[in-house]
2 protein chains.
Amino acid sequence: MTQTIQRVAIVGAGMIGASWAALATAHGLDVSAYDPAPEAEVKFRAHVERARAQLAELGLIGTGNIAFSADLAATLSGVQFVQENGPENEAVKRELLARIDAGSPPDAIIASSTSALVRSAIVADCANPARIIVAHPFNPPHLVPLVEIVGEDEAVVARAAAFYRELGRRPVILNREMPGHIANRLASALYREAVHLVEQGVASVSEIDAALCNGPGLRWALMGPHMTYHLGGGEGGIAGYLAHLGPSQVRRWQALGNPGLGEEVQRAIIAGVAEEAAGRSIAELEMRRDEGLLALLKSRKLVSE
Amino acid sequence: MTQTIQRVAIVGAGMIGASWAALATAHGLDVSAYDPAPEAEVKFRAHVERARAQLAELGLIGTGNIAFSADLAATLSGVQFVQENGPENEAVKRELLARIDAGSPPDAIIASSTSALVRSAIVADCANPARIIVAHPFNPPHLVPLVEIVGEDEAVVARAAAFYRELGRRPVILNREMPGHIANRLASALYREAVHLVEQGVASVSEIDAALCNGPGLRWALMGPHMTYHLGGGEGGIAGYLAHLGPSQVRRWQALGNPGLGEEVQRAIIAGVAEEAAGRSIAELEMRRDEGLLALLKSRKLVSE
């Protein structure tokens with residue numbers, strides 16, 4: 001059953017699909033990409049080229065080929081792995097995964113990049129759900145290592161995780177499905193309080209952003225929240241932390257905000273982000289982000305792994 | 001009124017005080033440190049030495065002097081700035097700040113490192129509260145740039161912020177006091193959901209930690225949550241994000257967990273952290289964290305500033 005993965009199908013060739021394609025080809029794998037949208041190929045190839053240039057800075061200079069097609073059957077032919085990146089719509093994804101399942105070689109693993117949907121809902125129409133996993137990357141997927149994996153067959157999950165490790169990713173395996181998986185739930189919880197602080201006028205948007213990236217965010221690039229509190233507990237570690245500061249942590253939880261996203265706070269956020277962007281376009285900011293990520297990835301020494 | 005800061009008093013010479021002292025002397029300032037605890041000086045000087053060695057790696061090799069005393073009046077004599085790092089107990093800190101206020105030169109700014117207390121409570125017994133601010137650093141303060149500032153006199157806040165910038169810090173100014181300031185509130189909000197995911201058995205402690213530091217944490221070392229969603233909105237930026245994905249963000253907020261820290265989840269967290277630590281001691285993990293922070297600080301290219 002276990003076969004070497006040499007050819008990967010990318011189904012849905014937007015930004016996420018193009019990042020996956022860049023990553024695979026930079027590791028020497030061949031890619032067949034599918035997207036039915038007109039002009040999808042031009043944008044796709046341009047994004048792959050930009051991403052490949054960034055990966056080359058990390059020393060990833062494999063020379064996998066890319067074939068592009070608007071024919072799904074041709075795209076799936078002869079692949080050992082499929083990464084699906086279709087629209088985030090349950091009905092659309094369910095139907096697309098059923099078509100991919102029907103058209104893929106029987107041994108191929110099929111992975112959905114879905115961020116917002118849960119696996120049980122989107123595999124519902126598939127004949128062979130055991131080979132279908134959720135494998136959610138984080139934007140931009142060719143740079144950010146995280147891939148969150150949800151599956152039902154342990155052997156399939158293990159093979160997929162090994163494959164992502166070969167691509168330099170950090171697969172994180174969930175024991176069971178959860179809307180938003182792990183990382184987007186953590187991000188959402190943090191954002192709720194960030195919005196609360198804007199709503200309450202505690203600080204400006206740019207000061208709140210600066211507090212994160214010059215404080216806890218810097219540490220969280222190296223280690224997760226549990227390890228952080230382990231090192232916040234002094235010689236007693238996490239046990240000491242929970243014993244001495246657990247009650248004050250729970251009291252703080254009770255005092256966190258529960259804001260909405262009404263018009264007034266939306267206006268404050270939009271104005272605050274404009275002030276923080278200081279005239280820089282989205283494209284400029286993305287370029288800066290990617291330069292920043294490349295620099296961190298080259299230098300990073302993890303505490304959590 | 002505005003005078004050059006050449007001598008800084010460090011009141012309370014534990015780990016936080018020692019980090020402040022290392023930072024000040026590495027920038028060429030003289031320090032007078034006070035702590036009434038027996039053997040405080042030996043531990044203090046050892047920690048200052050370790051921190052100075054790390055700061056030297058960042059090119060900070062100033063040669064400020066350190067005087068240590070168990071006499072508060074002697075410590076405060078002739079200083080232009082006081083950084084207080086006493087116990088996190090409201091009554092103790094209120095009394096200590098009143099003594100510092102009474103004993104400091106009239107032009108000196110007095111800053112409290114308090115993380116858990118609010119300014120209005122701890123300045124209550126001071127004769128000159130206008131010159132007293134909260135200036136909360138993030139552990140370890142000689143490496144992590146964030147300093148959260150709360151004050152009542154804009155000129156004092158501006159002078160303090162300028163001073164911290166000279167020390168290579170990123171002062172973040174709050175418009176008003178808030179328990180937990182900004183960063184610990186954001187961290188607490190995220191941790192609540194991390195504990196919820198442990199409680200629900202969604203993934204192991206080490207997998208949850210890995211999801212953060214290989215995903216959103218990596219990006220948050222470069223930019224804050226608002227800027228992150230600005231870049232998650234595609235060409236429409238944050239306005240597009242809020243218009244299209246705001247409702248799903250609010251739905252996710254409603255689905256976040258509300259765990260306690262009961263015995264069962266504490267046991268799971270402690271066991272999970274032990275597995276993640278893999279036999280490494282707190283001291284080893286701290287050394288690894290500091291090496292990691294130094295590497296990030298040398299290479300970092302911020303998006304938020």
# chains A, B, ... in the order shown; residues from 1 in each chain; ligands from 1

call {"tool": "select_by_dssp", "arguments": {"residues": "segment 63-138 of chain B", "states": "strand (DSSP E or B)", "output": "JSON, numbers by chain"}}
result
{"B": [66, 67, 68, 69, 81, 82, 83, 84, 109, 110, 111, 112, 132, 133, 134, 135, 136, 137]}

call {"tool": "residues_around", "arguments": {"residues": "segment 80-82 of chain B", "least_positions_apart": "6", "cutoff": "9 Å", "atoms": "only C-alpha atoms", "output": "ChimeraX atom specification"}}
result
/B:3-11,100,104-112,160

call {"tool": "write_last_selection", "arguments": {"atoms": "N, CA and C atoms", "output": "compact mmCIF listing (two decimals), in the first residue's frame"}}
result
# COMPACT_ATOMS: atom_id res chain seq x y z
N GLN B 3 15.31 66.21 31.99
CA GLN B 3 16.74 66.04 32.25
C GLN B 3 17.19 64.71 31.65
N THR B 4 18.47 64.64 31.33
CA THR B 4 19.02 63.41 30.80
C THR B 4 19.03 62.35 31.90
N ILE B 5 18.63 61.13 31.53
CA ILE B 5 18.63 60.05 32.52
C ILE B 5 19.99 59.36 32.47
N GLN B 6 20.69 59.43 33.61
CA GLN B 6 22.03 58.83 33.69
C GLN B 6 22.12 57.77 34.77
N ARG B 7 21.21 57.87 35.74
CA ARG B 7 21.24 56.93 36.87
C ARG B 7 19.82 56.45 37.15
N VAL B 8 19.69 55.13 37.23
CA VAL B 8 18.37 54.50 37.41
C VAL B 8 18.38 53.69 38.70
N ALA B 9 17.33 53.86 39.50
CA ALA B 9 17.17 53.01 40.68
C ALA B 9 16.32 51.80 40.32
N ILE B 10 16.78 50.63 40.74
CA ILE B 10 16.02 49.39 40.58
C ILE B 10 15.58 48.97 41.97
N VAL B 11 14.27 49.06 42.23
CA VAL B 11 13.76 48.76 43.57
C VAL B 11 13.06 47.41 43.51
N ILE B 100 8.90 55.17 47.94
CA ILE B 100 9.76 55.60 46.82
C ILE B 100 9.46 57.05 46.45
N SER B 104 12.43 59.90 46.56
CA SER B 104 13.10 60.14 45.27
C SER B 104 13.27 61.62 44.99
N PRO B 105 14.30 61.99 44.22
CA PRO B 105 14.44 63.38 43.78
C PRO B 105 13.15 63.84 43.11
N PRO B 106 12.78 65.10 43.30
CA PRO B 106 11.45 65.56 42.84
C PRO B 106 11.21 65.43 41.33
N ASP B 107 12.26 65.47 40.52
CA ASP B 107 12.07 65.36 39.07
C ASP B 107 12.05 63.92 38.56
N ALA B 108 12.36 62.97 39.40
CA ALA B 108 12.48 61.58 38.93
C ALA B 108 11.12 61.01 38.53
N ILE B 109 11.13 60.21 37.50
CA ILE B 109 9.94 59.43 37.13
C ILE B 109 10.02 58.09 37.86
N ILE B 110 8.86 57.63 38.32
CA ILE B 110 8.79 56.35 39.04
C ILE B 110 7.89 55.41 38.25
N ALA B 111 8.44 54.26 37.88
CA ALA B 111 7.71 53.30 37.05
C ALA B 111 7.56 51.99 37.79
N SER B 112 6.36 51.46 37.81
CA SER B 112 6.12 50.15 38.43
C SER B 112 6.02 49.07 37.36
N ALA B 160 8.91 59.00 29.66
CA ALA B 160 9.20 57.59 29.97
C ALA B 160 9.29 56.77 28.68

call {"tool": "residues_around", "arguments": {"residues": "Leu242 of chain A", "least_positions_apart": "5", "cutoff": "9 Å", "atoms": "only C-alpha atoms", "output": "MDAnalysis selection string"}}
result
(chainID A and resid 229 233 237 247 249) or (chainID B and resid 261 266 270)

call {"tool": "residues_around", "arguments": {"residues": "segment 48-63 of chain B", "least_positions_apart": "2", "cutoff": "9 Å", "atoms": "only C-alpha atoms", "output": "list in words"}}
result
Met15, Ala18, Ser19, Trp20, Ala21, Ala22, Leu23, Ala24, Thr25, Ala26, His27, Gly28, Leu29, Asp30, Lys43, Phe44, Arg45, Ala46, Asn65, His142, Leu143, Asp290, Glu291, Leu294, Leu297 and Lys298 of chain B

call {"tool": "atom_distance", "arguments": {"atom1": "atom CA of Ser77 of chain B", "atom2": "atom CA of Phe138 of chain B"}}
result
27.6 Å

call {"tool": "closest_residue", "arguments": {"among": "B:Leu97, B:Glu263, B:Leu146, B:Ala283", "to": "chain A", "atoms": "only C-alpha atoms"}}
result
B:Leu146

call {"tool": "residues_around", "arguments": {"residues": "Ile238 of chain B", "least_positions_apart": "5", "cutoff": "10 Å", "atoms": "only C-alpha atoms", "output": "short mmCIF file (atom, residue, chain, number, x, y, z; two decimals) with N, CA, C and O atoms, in the first residue's frame"}}
result
data_model
loop_
_atom_site.label_atom_id
_atom_site.label_comp_id
_atom_site.auth_asym_id
_atom_site.auth_seq_id
_atom_site.Cartn_x
_atom_site.Cartn_y
_atom_site.Cartn_z
N GLN A 266 -16.24 48.31 13.91
CA GLN A 266 -15.66 48.07 12.58
C GLN A 266 -14.99 49.34 12.05
O GLN A 266 -13.88 49.28 11.51
N ILE A 269 -11.74 49.87 13.85
CA ILE A 269 -10.71 48.92 13.42
C ILE A 269 -10.17 49.31 12.05
O ILE A 269 -8.95 49.33 11.83
N ILE A 270 -11.08 49.64 11.13
CA ILE A 270 -10.65 49.97 9.76
C ILE A 270 -9.77 51.22 9.78
O ILE A 270 -8.71 51.27 9.13
N ALA A 271 -10.18 52.23 10.55
CA ALA A 271 -9.38 53.46 10.64
C ALA A 271 -8.03 53.18 11.30
O ALA A 271 -6.99 53.71 10.89
N VAL A 273 -6.35 50.32 11.38
CA VAL A 273 -5.47 49.56 10.49
C VAL A 273 -4.90 50.48 9.41
O VAL A 273 -3.72 50.37 9.04
N ALA A 274 -5.71 51.40 8.91
CA ALA A 274 -5.21 52.36 7.90
C ALA A 274 -4.06 53.18 8.48
O ALA A 274 -3.04 53.41 7.81
N ILE A 282 -1.67 46.49 0.30
CA ILE A 282 -1.72 45.08 0.71
C ILE A 282 -0.53 44.32 0.12
O ILE A 282 0.13 43.54 0.81
N HIS B 226 -4.78 42.62 14.19
CA HIS B 226 -5.54 43.42 13.22
C HIS B 226 -4.83 43.41 11.87
O HIS B 226 -5.47 43.25 10.82
N MET B 227 -3.52 43.60 11.88
CA MET B 227 -2.77 43.58 10.61
C MET B 227 -2.85 42.19 9.96
O MET B 227 -2.94 42.08 8.74
N THR B 228 -2.86 41.15 10.80
CA THR B 228 -2.96 39.79 10.26
C THR B 228 -4.27 39.61 9.50
O THR B 228 -4.29 39.07 8.39
N TYR B 229 -5.37 40.09 10.08
CA TYR B 229 -6.65 39.95 9.37
C TYR B 229 -6.73 40.92 8.18
O TYR B 229 -7.41 40.62 7.19
N HIS B 230 -6.02 42.04 8.27
CA HIS B 230 -5.93 42.94 7.10
C HIS B 230 -5.35 42.17 5.90
O HIS B 230 -5.83 42.29 4.77
N LEU B 231 -4.31 41.35 6.17
CA LEU B 231 -3.70 40.56 5.10
C LEU B 231 -4.47 39.27 4.83
O LEU B 231 -4.19 38.58 3.85
N GLY B 232 -5.45 38.95 5.69
CA GLY B 232 -6.30 37.79 5.44
C GLY B 232 -7.53 38.15 4.63
O GLY B 232 -8.33 37.28 4.29
N GLY B 233 -7.69 39.42 4.34
CA GLY B 233 -8.89 39.87 3.63
C GLY B 233 -8.71 40.00 2.13
O GLY B 233 -9.61 40.49 1.45
N ALA B 243 -16.37 42.64 6.31
CA ALA B 243 -17.63 42.54 5.57
C ALA B 243 -17.96 41.08 5.24
O ALA B 243 -19.10 40.65 5.39
N HIS B 244 -16.96 40.33 4.78
CA HIS B 244 -17.24 38.97 4.31
C HIS B 244 -17.12 37.92 5.40
O HIS B 244 -17.88 36.97 5.43
N LEU B 245 -16.13 38.07 6.29
CA LEU B 245 -15.88 37.02 7.27
C LEU B 245 -16.18 37.44 8.70
O LEU B 245 -16.09 36.63 9.62
N GLY B 246 -16.57 38.71 8.89
CA GLY B 246 -16.92 39.16 10.24
C GLY B 246 -17.99 38.29 10.88
O GLY B 246 -17.83 37.84 12.03
#

call {"tool": "residues_around", "arguments": {"residues": "segment 199-203 of chain B", "least_positions_apart": "4", "cutoff": "8 Å", "atoms": "only C-alpha atoms", "output": "NGL selection string"}}
result
(:A and (173-178)) or (:B and (195 or 207-208 or 259 or 265 or 268))

call {"tool": "write_last_selection", "arguments": {"atoms": "N, CA, C and O atoms", "output": "mmCIF file, in the first residue's frame"}}
result
data_model
loop_
_atom_site.group_PDB
_atom_site.id
_atom_site.type_symbol
_atom_site.label_atom_id
_atom_site.label_comp_id
_atom_site.auth_asym_id
_atom_site.auth_seq_id
_atom_site.Cartn_x
_atom_site.Cartn_y
_atom_site.Cartn_z
ATOM 1 N N ILE A 173 -1.587 16.733 14.483
ATOM 2 C CA ILE A 173 -2.662 15.758 14.313
ATOM 3 C C ILE A 173 -3.727 15.939 15.387
ATOM 4 O O ILE A 173 -3.432 15.892 16.582
ATOM 5 N N LEU A 174 -4.954 16.180 14.928
ATOM 6 C CA LEU A 174 -6.083 16.296 15.851
ATOM 7 C C LEU A 174 -6.639 14.912 16.149
ATOM 8 O O LEU A 174 -6.699 14.052 15.264
ATOM 9 N N ASN A 175 -7.057 14.693 17.393
ATOM 10 C CA ASN A 175 -7.697 13.430 17.763
ATOM 11 C C ASN A 175 -9.108 13.340 17.230
ATOM 12 O O ASN A 175 -9.640 12.249 17.037
ATOM 13 N N ARG A 176 -9.722 14.512 17.019
ATOM 14 C CA ARG A 176 -11.073 14.507 16.463
ATOM 15 C C ARG A 176 -11.346 15.860 15.819
ATOM 16 O O ARG A 176 -10.663 16.837 16.106
ATOM 17 N N GLU A 177 -12.342 15.890 14.957
ATOM 18 C CA GLU A 177 -12.601 17.131 14.228
ATOM 19 C C GLU A 177 -13.195 18.186 15.146
ATOM 20 O O GLU A 177 -13.854 17.884 16.148
ATOM 21 N N MET A 178 -12.959 19.450 14.786
ATOM 22 C CA MET A 178 -13.403 20.590 15.591
ATOM 23 C C MET A 178 -13.502 21.764 14.613
ATOM 24 O O MET A 178 -12.537 22.030 13.888
ATOM 25 N N VAL B 195 -6.687 25.631 26.750
ATOM 26 C CA VAL B 195 -7.118 24.721 27.820
ATOM 27 C C VAL B 195 -8.405 23.999 27.423
ATOM 28 O O VAL B 195 -8.562 22.797 27.650
ATOM 29 N N GLU B 207 0.877 18.993 20.731
ATOM 30 C CA GLU B 207 0.365 19.302 19.394
ATOM 31 C C GLU B 207 -0.288 20.689 19.376
ATOM 32 O O GLU B 207 -0.160 21.435 18.401
ATOM 33 N N ILE B 208 -0.976 21.047 20.446
ATOM 34 C CA ILE B 208 -1.581 22.388 20.528
ATOM 35 C C ILE B 208 -0.472 23.442 20.554
ATOM 36 O O ILE B 208 -0.542 24.464 19.853
ATOM 37 N N PRO B 259 -13.638 26.884 29.754
ATOM 38 C CA PRO B 259 -13.231 25.837 30.693
ATOM 39 C C PRO B 259 -12.912 26.417 32.060
ATOM 40 O O PRO B 259 -12.729 27.626 32.217
ATOM 41 N N VAL B 265 -8.252 18.592 34.310
ATOM 42 C CA VAL B 265 -7.567 19.259 33.198
ATOM 43 C C VAL B 265 -6.160 19.683 33.632
ATOM 44 O O VAL B 265 -5.223 19.662 32.835
ATOM 45 N N ALA B 268 -3.989 16.739 33.078
ATOM 46 C CA ALA B 268 -3.720 16.540 31.641
ATOM 47 C C ALA B 268 -2.688 17.543 31.141
ATOM 48 O O ALA B 268 -1.800 17.200 30.346
#

call {"tool": "residues_around", "arguments": {"residues": "Gly224 of chain B", "least_positions_apart": "4", "cutoff": "9 Å", "atoms": "only C-alpha atoms", "output": "list in words"}}
result
Val205, Ser206, Ile208, Asp209, Ala210, Ala211, Leu212, Cys213, Asn214 and Gly217 of chain A; Arg219, Trp220, Thr228, Tyr229, Val303 and Ser304 of chain B

call {"tool": "select_by_dssp", "arguments": {"residues": "segment 117-248 of chain B", "states": "helix (DSSP H, G or I)", "output": "PyMOL selection string"}}
result
chain B and resi 119-122+129-131+154-166+183-199+205-213+216-220+225-232+234-248
